[in-house]
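Engineer: Just final_33.pdb, nothing more (PDB, C-alpha atoms):
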```
MODEL        1
ATOM      1  CA  MET A  26       0.000   0.000   0.000  1.00  0.00           C
ATOM      2  CA  GLU A  27       1.319   3.413  -0.867  1.00  0.00           C
ATOM      3  CA  GLU A  28       1.587   5.970   1.965  1.00  0.00           C
ATOM      4  CA  ILE A  29      -1.354   8.113   0.823  1.00  0.00           C
ATOM      5  CA  GLY A  30      -3.487   4.993   0.348  1.00  0.00           C
ATOM      6  CA  LEU A  31      -2.698   3.865   3.892  1.00  0.00           C
ATOM      7  CA  LYS A  32      -3.728   7.223   5.410  1.00  0.00           C
ATOM      8  CA  LYS A  33      -6.954   7.157   3.413  1.00  0.00           C
ATOM      9  CA  LEU A  34      -7.737   3.601   4.628  1.00  0.00           C
ATOM     10  CA  GLU A  35      -7.140   4.638   8.229  1.00  0.00           C
ATOM     11  CA  ALA A  36      -9.401   7.665   7.737  1.00  0.00           C
ATOM     12  CA  ILE A  37     -12.144   5.409   6.346  1.00  0.00           C
ATOM     13  CA  ILE A  38     -11.817   3.003   9.282  1.00  0.00           C
ATOM     14  CA  GLU A  39     -11.961   5.904  11.766  1.00  0.00           C
ATOM     15  CA  ALA A  40     -15.068   7.253  10.066  1.00  0.00           C
ATOM     16  CA  ILE A  41     -16.755   3.836  10.144  1.00  0.00           C
ATOM     17  CA  LEU A  42     -15.975   3.177  13.811  1.00  0.00           C
ATOM     18  CA  PHE A  43     -16.845   6.710  14.911  1.00  0.00           C
ATOM     19  CA  THR A  44     -20.138   6.791  13.019  1.00  0.00           C
ATOM     20  CA  MET A  45     -21.309   3.293  13.942  1.00  0.00           C
ATOM     21  CA  GLY A  46     -20.723   3.887  17.669  1.00  0.00           C
ATOM     22  CA  ASN A  47     -21.101   0.209  18.539  1.00  0.00           C
ATOM     23  CA  SER A  48     -18.628  -2.497  17.578  1.00  0.00           C
ATOM     24  CA  VAL A  49     -18.262  -3.415  13.917  1.00  0.00           C
ATOM     25  CA  GLU A  50     -17.323  -6.930  12.805  1.00  0.00           C
ATOM     26  CA  LEU A  51     -13.950  -7.337  11.095  1.00  0.00           C
ATOM     27  CA  PRO A  52     -15.451  -8.816   7.884  1.00  0.00           C
ATOM     28  CA  ARG A  53     -17.696  -5.738   7.484  1.00  0.00           C
ATOM     29  CA  ILE A  54     -14.744  -3.354   7.922  1.00  0.00           C
ATOM     30  CA  ALA A  55     -12.652  -5.404   5.478  1.00  0.00           C
ATOM     31  CA  ALA A  56     -15.461  -5.338   2.901  1.00  0.00           C
ATOM     32  CA  ALA A  57     -15.870  -1.570   3.318  1.00  0.00           C
ATOM     33  CA  ILE A  58     -12.185  -0.845   2.648  1.00  0.00           C
ATOM     34  CA  GLU A  59     -11.996  -3.607   0.015  1.00  0.00           C
ATOM     35  CA  HIS A  60      -9.141  -5.513   1.643  1.00  0.00           C
ATOM     36  CA  ASP A  61      -8.811  -8.988   3.123  1.00  0.00           C
ATOM     37  CA  GLU A  62      -9.474  -9.519   6.833  1.00  0.00           C
ATOM     38  CA  GLU A  63      -5.821 -10.187   7.718  1.00  0.00           C
ATOM     39  CA  THR A  64      -4.664  -6.881   6.198  1.00  0.00           C
ATOM     40  CA  THR A  65      -7.592  -5.038   7.780  1.00  0.00           C
ATOM     41  CA  LYS A  66      -6.855  -6.502  11.210  1.00  0.00           C
ATOM     42  CA  ARG A  67      -3.162  -5.563  10.896  1.00  0.00           C
ATOM     43  CA  LEU A  68      -4.190  -2.019   9.946  1.00  0.00           C
ATOM     44  CA  LEU A  69      -6.556  -1.810  12.943  1.00  0.00           C
ATOM     45  CA  HIS A  70      -3.879  -3.051  15.347  1.00  0.00           C
ATOM     46  CA  THR A  71      -1.410  -0.500  13.943  1.00  0.00           C
ATOM     47  CA  MET A  72      -3.988   2.225  14.585  1.00  0.00           C
ATOM     48  CA  MET A  73      -4.635   0.882  18.096  1.00  0.00           C
ATOM     49  CA  ASP A  74      -0.912   0.953  18.889  1.00  0.00           C
ATOM     50  CA  ARG A  75      -0.517   4.489  17.541  1.00  0.00           C
ATOM     51  CA  TYR A  76      -3.498   5.778  19.552  1.00  0.00           C
ATOM     52  CA  GLN A  77      -1.900   4.246  22.646  1.00  0.00           C
ATOM     53  CA  GLU A  78       1.579   5.662  21.899  1.00  0.00           C
ATOM     54  CA  GLU A  79       0.165   9.131  21.261  1.00  0.00           C
ATOM     55  CA  ASP A  80      -1.868   8.903  24.487  1.00  0.00           C
ATOM     56  CA  ARG A  81      -5.060  10.030  22.791  1.00  0.00           C
ATOM     57  CA  GLY A  82      -8.393  10.431  24.563  1.00  0.00           C
ATOM     58  CA  ILE A  83      -9.960   7.793  22.366  1.00  0.00           C
ATOM     59  CA  GLN A  84      -9.004   4.232  21.653  1.00  0.00           C
ATOM     60  CA  ILE A  85      -9.981   1.368  19.397  1.00  0.00           C
ATOM     61  CA  ILE A  86     -10.777  -1.828  21.256  1.00  0.00           C
ATOM     62  CA  GLU A  87     -11.227  -5.376  19.996  1.00  0.00           C
ATOM     63  CA  LEU A  88     -14.254  -7.357  21.121  1.00  0.00           C
ATOM     64  CA  ASP A  89     -14.610 -10.911  19.804  1.00  0.00           C
ATOM     65  CA  ASN A  90     -13.376 -10.183  16.240  1.00  0.00           C
ATOM     66  CA  SER A  91     -15.197  -6.833  16.210  1.00  0.00           C
ATOM     67  CA  PHE A  92     -13.730  -3.373  16.736  1.00  0.00           C
ATOM     68  CA  GLN A  93     -15.079  -0.255  18.406  1.00  0.00           C
ATOM     69  CA  MET A  94     -13.889   3.296  18.913  1.00  0.00           C
ATOM     70  CA  CYS A  95     -14.495   4.569  22.419  1.00  0.00           C
ATOM     71  CA  THR A  96     -13.268   7.036  25.003  1.00  0.00           C
ATOM     72  CA  LYS A  97     -10.522   5.977  27.392  1.00  0.00           C
ATOM     73  CA  LYS A  98     -11.671   5.340  30.977  1.00  0.00           C
ATOM     74  CA  GLU A  99      -9.201   7.932  32.258  1.00  0.00           C
ATOM     75  CA  MET A 100     -11.186  10.660  30.464  1.00  0.00           C
ATOM     76  CA  TYR A 101     -14.403  10.044  32.414  1.00  0.00           C
ATOM     77  CA  GLU A 102     -13.794  12.747  35.015  1.00  0.00           C
ATOM     78  CA  TYR A 103     -13.301  15.348  32.262  1.00  0.00           C
ATOM     79  CA  LEU A 104     -16.371  14.232  30.336  1.00  0.00           C
ATOM     80  CA  ILE A 105     -18.657  14.668  33.329  1.00  0.00           C
ATOM     81  CA  ARG A 106     -17.568  18.296  33.564  1.00  0.00           C
ATOM     82  CA  VAL A 107     -19.170  18.879  30.167  1.00  0.00           C
ATOM     83  CA  ALA A 108     -22.106  16.480  30.209  1.00  0.00           C
ATOM     84  CA  ASN A 109     -24.732  15.851  32.830  1.00  0.00           C
ATOM     85  CA  THR A 110     -23.352  13.415  35.318  1.00  0.00           C
ATOM     86  CA  PRO A 111     -24.131  10.008  33.851  1.00  0.00           C
ATOM     87  CA  LYS A 112     -25.766   7.488  36.128  1.00  0.00           C
ATOM     88  CA  LYS A 113     -22.990   5.296  37.418  1.00  0.00           C
ATOM     89  CA  GLN A 114     -24.049   1.691  37.653  1.00  0.00           C
ATOM     90  CA  VAL A 115     -23.043  -0.047  40.840  1.00  0.00           C
ATOM     91  CA  LEU A 116     -22.495  -3.775  40.834  1.00  0.00           C
ATOM     92  CA  THR A 117     -23.326  -5.147  44.263  1.00  0.00           C
ATOM     93  CA  ASP A 118     -21.987  -8.483  45.492  1.00  0.00           C
ATOM     94  CA  VAL A 119     -25.286 -10.103  44.474  1.00  0.00           C
ATOM     95  CA  LEU A 120     -25.047  -8.689  40.938  1.00  0.00           C
ATOM     96  CA  LEU A 121     -21.378  -9.692  40.631  1.00  0.00           C
ATOM     97  CA  GLU A 122     -22.156 -13.213  41.849  1.00  0.00           C
ATOM     98  CA  THR A 123     -25.022 -13.554  39.354  1.00  0.00           C
ATOM     99  CA  LEU A 124     -22.947 -12.074  36.545  1.00  0.00           C
ATOM    100  CA  SER A 125     -20.099 -14.513  37.286  1.00  0.00           C
ATOM    101  CA  ILE A 126     -22.470 -17.459  37.061  1.00  0.00           C
ATOM    102  CA  ILE A 127     -23.817 -16.243  33.738  1.00  0.00           C
ATOM    103  CA  ALA A 128     -20.331 -15.504  32.357  1.00  0.00           C
ATOM    104  CA  TYR A 129     -18.986 -18.962  33.184  1.00  0.00           C
ATOM    105  CA  LYS A 130     -22.128 -21.045  32.526  1.00  0.00           C
ATOM    106  CA  GLN A 131     -23.677 -19.251  29.547  1.00  0.00           C
ATOM    107  CA  PRO A 132     -26.107 -19.696  28.030  1.00  0.00           C
ATOM    108  CA  VAL A 133     -27.916 -20.338  31.301  1.00  0.00           C
ATOM    109  CA  THR A 134     -31.526 -20.175  32.528  1.00  0.00           C
ATOM    110  CA  LYS A 135     -32.714 -18.242  35.566  1.00  0.00           C
ATOM    111  CA  MET A 136     -33.581 -21.557  37.236  1.00  0.00           C
ATOM    112  CA  GLU A 137     -29.974 -22.790  36.825  1.00  0.00           C
ATOM    113  CA  ILE A 138     -28.679 -19.494  38.279  1.00  0.00           C
ATOM    114  CA  GLU A 139     -31.051 -19.826  41.251  1.00  0.00           C
ATOM    115  CA  LYS A 140     -29.994 -23.442  41.788  1.00  0.00           C
ATOM    116  CA  ILE A 141     -26.338 -22.366  42.011  1.00  0.00           C
ATOM    117  CA  ARG A 142     -27.023 -19.285  44.162  1.00  0.00           C
ATOM    118  CA  GLY A 143     -29.655 -20.952  46.321  1.00  0.00           C
ATOM    119  CA  VAL A 144     -31.959 -17.910  46.189  1.00  0.00           C
ATOM    120  CA  LYS A 145     -34.306 -16.181  43.742  1.00  0.00           C
ATOM    121  CA  SER A 146     -32.388 -14.190  41.136  1.00  0.00           C
ATOM    122  CA  ASP A 147     -35.108 -12.294  39.254  1.00  0.00           C
ATOM    123  CA  HIS A 148     -34.022  -8.871  40.476  1.00  0.00           C
ATOM    124  CA  ALA A 149     -30.301  -9.498  39.853  1.00  0.00           C
ATOM    125  CA  VAL A 150     -30.836 -10.834  36.327  1.00  0.00           C
ATOM    126  CA  ASN A 151     -33.227  -7.975  35.482  1.00  0.00           C
ATOM    127  CA  LYS A 152     -30.683  -5.390  36.734  1.00  0.00           C
ATOM    128  CA  LEU A 153     -27.899  -6.990  34.674  1.00  0.00           C
ATOM    129  CA  VAL A 154     -30.144  -6.866  31.591  1.00  0.00           C
ATOM    130  CA  GLU A 155     -30.967  -3.215  32.382  1.00  0.00           C
ATOM    131  CA  TYR A 156     -27.221  -2.451  32.651  1.00  0.00           C
ATOM    132  CA  ASN A 157     -26.743  -4.209  29.271  1.00  0.00           C
ATOM    133  CA  LEU A 158     -24.205  -6.643  30.771  1.00  0.00           C
ATOM    134  CA  VAL A 159     -26.503  -9.617  30.096  1.00  0.00           C
ATOM    135  CA  CYS A 160     -29.030 -10.313  27.348  1.00  0.00           C
ATOM    136  CA  GLU A 161     -31.531 -12.961  26.337  1.00  0.00           C
ATOM    137  CA  ALA A 162     -29.752 -15.557  24.197  1.00  0.00           C
ATOM    138  CA  GLY A 163     -32.680 -17.643  23.040  1.00  0.00           C
ATOM    139  CA  ARG A 164     -34.833 -20.232  24.743  1.00  0.00           C
ATOM    140  CA  LEU A 165     -34.079 -23.675  26.106  1.00  0.00           C
ATOM    141  CA  ASP A 166     -35.803 -26.528  24.269  1.00  0.00           C
ATOM    142  CA  ALA A 167     -37.554 -27.786  27.394  1.00  0.00           C
ATOM    143  CA  PRO A 168     -41.030 -27.521  28.928  1.00  0.00           C
ATOM    144  CA  GLY A 169     -41.974 -23.883  29.408  1.00  0.00           C
ATOM    145  CA  ARG A 170     -39.175 -22.834  27.002  1.00  0.00           C
ATOM    146  CA  PRO A 171     -37.209 -20.894  29.670  1.00  0.00           C
ATOM    147  CA  ILE A 172     -35.128 -17.915  28.544  1.00  0.00           C
ATOM    148  CA  LEU A 173     -31.376 -18.419  28.234  1.00  0.00           C
ATOM    149  CA  PHE A 174     -29.078 -15.597  29.360  1.00  0.00           C
ATOM    150  CA  ALA A 175     -25.571 -14.723  28.164  1.00  0.00           C
ATOM    151  CA  THR A 176     -23.142 -11.831  28.536  1.00  0.00           C
ATOM    152  CA  THR A 177     -22.998  -8.936  26.055  1.00  0.00           C
ATOM    153  CA  GLU A 178     -20.250  -6.941  24.346  1.00  0.00           C
ATOM    154  CA  GLU A 179     -20.803  -4.327  27.056  1.00  0.00           C
ATOM    155  CA  PHE A 180     -19.726  -6.970  29.590  1.00  0.00           C
ATOM    156  CA  LEU A 181     -16.493  -7.498  27.641  1.00  0.00           C
ATOM    157  CA  ARG A 182     -15.925  -3.731  27.458  1.00  0.00           C
ATOM    158  CA  CYS A 183     -16.581  -3.145  31.162  1.00  0.00           C
ATOM    159  CA  PHE A 184     -14.287  -5.937  32.286  1.00  0.00           C
ATOM    160  CA  GLY A 185     -11.544  -5.123  29.787  1.00  0.00           C
ATOM    161  CA  VAL A 186     -11.461  -8.445  27.965  1.00  0.00           C
ATOM    162  CA  SER A 187     -11.750  -8.971  24.239  1.00  0.00           C
ATOM    163  CA  SER A 188     -13.382 -12.414  24.470  1.00  0.00           C
ATOM    164  CA  LEU A 189     -14.759 -14.865  27.018  1.00  0.00           C
ATOM    165  CA  GLU A 190     -11.620 -16.994  26.591  1.00  0.00           C
ATOM    166  CA  GLU A 191      -9.726 -14.269  28.499  1.00  0.00           C
ATOM    167  CA  LEU A 192     -11.794 -14.791  31.662  1.00  0.00           C
ATOM    168  CA  PRO A 193      -9.640 -16.279  34.434  1.00  0.00           C
ATOM    169  CA  LEU A 194      -9.934 -20.023  34.882  1.00  0.00           C
ATOM    170  CA  ILE A 195     -11.027 -21.325  38.258  1.00  0.00           C
ATOM    171  CA  LYS A 196      -8.463 -23.773  39.618  1.00  0.00           C
ATOM    172  CA  GLN A 197      -9.826 -27.176  40.635  1.00  0.00           C
ATOM    173  CA  ASP A 198      -8.577 -26.843  44.250  1.00  0.00           C
ATOM    174  CA  ARG A 199     -10.350 -23.466  44.597  1.00  0.00           C
ATOM    175  CA  LEU A 200     -13.495 -25.032  43.154  1.00  0.00           C
ATOM    176  CA  GLU A 201     -13.342 -27.731  45.840  1.00  0.00           C
ATOM    177  CA  GLU A 202     -12.925 -25.005  48.511  1.00  0.00           C
ATOM    178  CA  PHE A 203     -16.000 -23.195  47.176  1.00  0.00           C
ATOM    179  CA  LYS A 204     -18.026 -26.434  47.263  1.00  0.00           C
ATOM    180  CA  GLN A 205     -16.885 -27.147  50.846  1.00  0.00           C
ATOM    181  CA  GLU A 206     -17.832 -23.608  51.973  1.00  0.00           C
ATOM    182  CA  ALA A 207     -21.233 -23.904  50.295  1.00  0.00           C
ATOM    183  CA  GLU A 208     -21.910 -27.249  51.968  1.00  0.00           C
ATOM    184  CA  GLU A 209     -20.905 -25.836  55.379  1.00  0.00           C
ATOM    185  CA  GLU A 210     -23.202 -22.835  54.848  1.00  0.00           C
ATOM    186  CA  ALA A 211     -26.049 -25.178  53.890  1.00  0.00           C
ATOM    187  CA  GLN A 212     -25.513 -27.238  57.064  1.00  0.00           C
ATOM    188  CA  ILE A 213     -25.526 -24.104  59.264  1.00  0.00           C
ATOM    189  CA  THR A 214     -28.729 -22.935  57.569  1.00  0.00           C
ATOM    190  CA  LEU A 215     -30.377 -26.347  58.077  1.00  0.00           C
ATOM    191  CA  LYS A 216     -29.472 -26.320  61.787  1.00  0.00           C
ATOM    192  CA  ASP A 217     -31.141 -22.915  62.175  1.00  0.00           C
ATOM    193  CA  ILE A 218     -34.419 -24.212  60.772  1.00  0.00           C
TER     194      ILE A 218
ENDMDL
END
```
Turn this file's structure into structure tokens for me.
Structural biologist:
Amino acid sequence: MEEIGLKKLEAIIEAILFTMGNSVELPRIAAAIEHDEETTKRLLHTMMDRYQEEDRGIQIIELDNSFQMCTKKEMYEYLIRVANTPKKQVLTDVLLETLSIIAYKQPVTKMEIEKIRGVKSDHAVNKLVEYNLVCEAGRLDAPGRPILFATTEEFLRCFGVSSLEELPLIKQDRLEEFKQEAEEEAQITLKDI
């Protein structure tokens, strides 16, 4: 690619990502600039590196083979000086616990979540959907056709991972500890009844 062609391609990609707002799949970007996906991805990563090196207020992030232009987290305090203070979503322990179950077990029904947590989870799941961290991902082919839930791109963005494969793995010994603690809690609860 000649130098002027490269700058023009980068300008087109910036325009696409800026205008679309949400993430755009790599094949769609490649088709728009009329290049193969490998070249397009290399171009995007070059742009991402340059934005980082130049310490710009915006960045391009990768989310499961899609790309999005967004503001850096560090700019939040300056943005709120200009805009109305956006409602900051708070993830309580209950919401984090529910979100973790969905992230690791997805797609998962509300009944499966409640079985793991041991309590009703309607409110937590509804809040996570409201915060756009979780979405409906179809229905289970079972009686009543319960809704399946999965995480969203917003979840990936908020937790700074580009795909679910980047979530930390739970070590088997820790898993055994968790099971032991849960069983002990259940025994204490049964004694109180």
Engineer: Find, counting all atoms listed in the file, the residue in A:Arg81, A:Glu35, A:Pro171, A:Thr177 that gets nearest to A:Asn47.
Structural biologist: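 That would be A:Thr177, the residue with the smallest distance to A:Asn47.
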Engineer: Between A:Tyr76, A:Leu88, A:Ala149, A:Pro168, which is the closest to A:Thr117 once you count only C-alpha atoms?
Structural biologist: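 The shortest atom-to-atom distance to A:Thr117 comes from A:Ala149.
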Engineer: What's the 12 Å shell around A:Thr123, counting all atoms listed in the file, without same-chain residues fewer than 6 positions away, as an NGL selection string?
Structural biologist: :A and (116-117 or 129-131 or 133-154 or 158-159 or 174-176)
Engineer: Considering only C-alpha atoms, can you say which of A:Gln84, A:Glu102, A:Asp89, A:Ala167 comes closest to A:Leu189?
Structural biologist: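 Smallest separation from A:Leu189 among the options: A:Asp89.
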Engineer: Between atom CA of A:Asp80 and atom CA of A:Thr96, what is the distance, to one decimal in Å?
Structural biologist: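 Separation of atom CA of A:Asp80 and atom CA of A:Thr96: 11.6 Å.
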Engineer: If we count all atoms listed in the file, what is near A:Met94 at a cut-off of 12 Å, once residues fewer than 2 positions away on the same chain are taken out, given as a PyMOL selection string?
Structural biologist: chain A and resi 38-49+69+72-73+76+81-88+91-92+96-97+182
Engineer: So for stretch 182-190 of chain A, what box centre and size do we get, axis-aligned, 3 Å extra on each of the six sides, every listed atom, Å to one decimal, as JSON?
Structural biologist:
```
{"center_x": -14.0, "center_y": -10.1, "center_z": 28.3, "size_x": 11.1, "size_y": 19.8, "size_z": 14.0}
```
Engineer: To one decimal in Å, tell me the separation between atom CA of A:Ile58 and atom CA of A:His70.
Structural biologist: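 Atom CA of A:His70 lies 15.3 Å from atom CA of A:Ile58.
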Engineer: Restricting the calculation to all atoms listed in the file: of A:Pro193, A:Thr64, A:Pro132, A:Arg106, which residue gets closest to A:Arg164?
Structural biologist: A:Pro132
Engineer: So how far away is atom CA of A:Lys33 from atom CA of A:Glu59, in Å?
Structural biologist: 12.4 Å
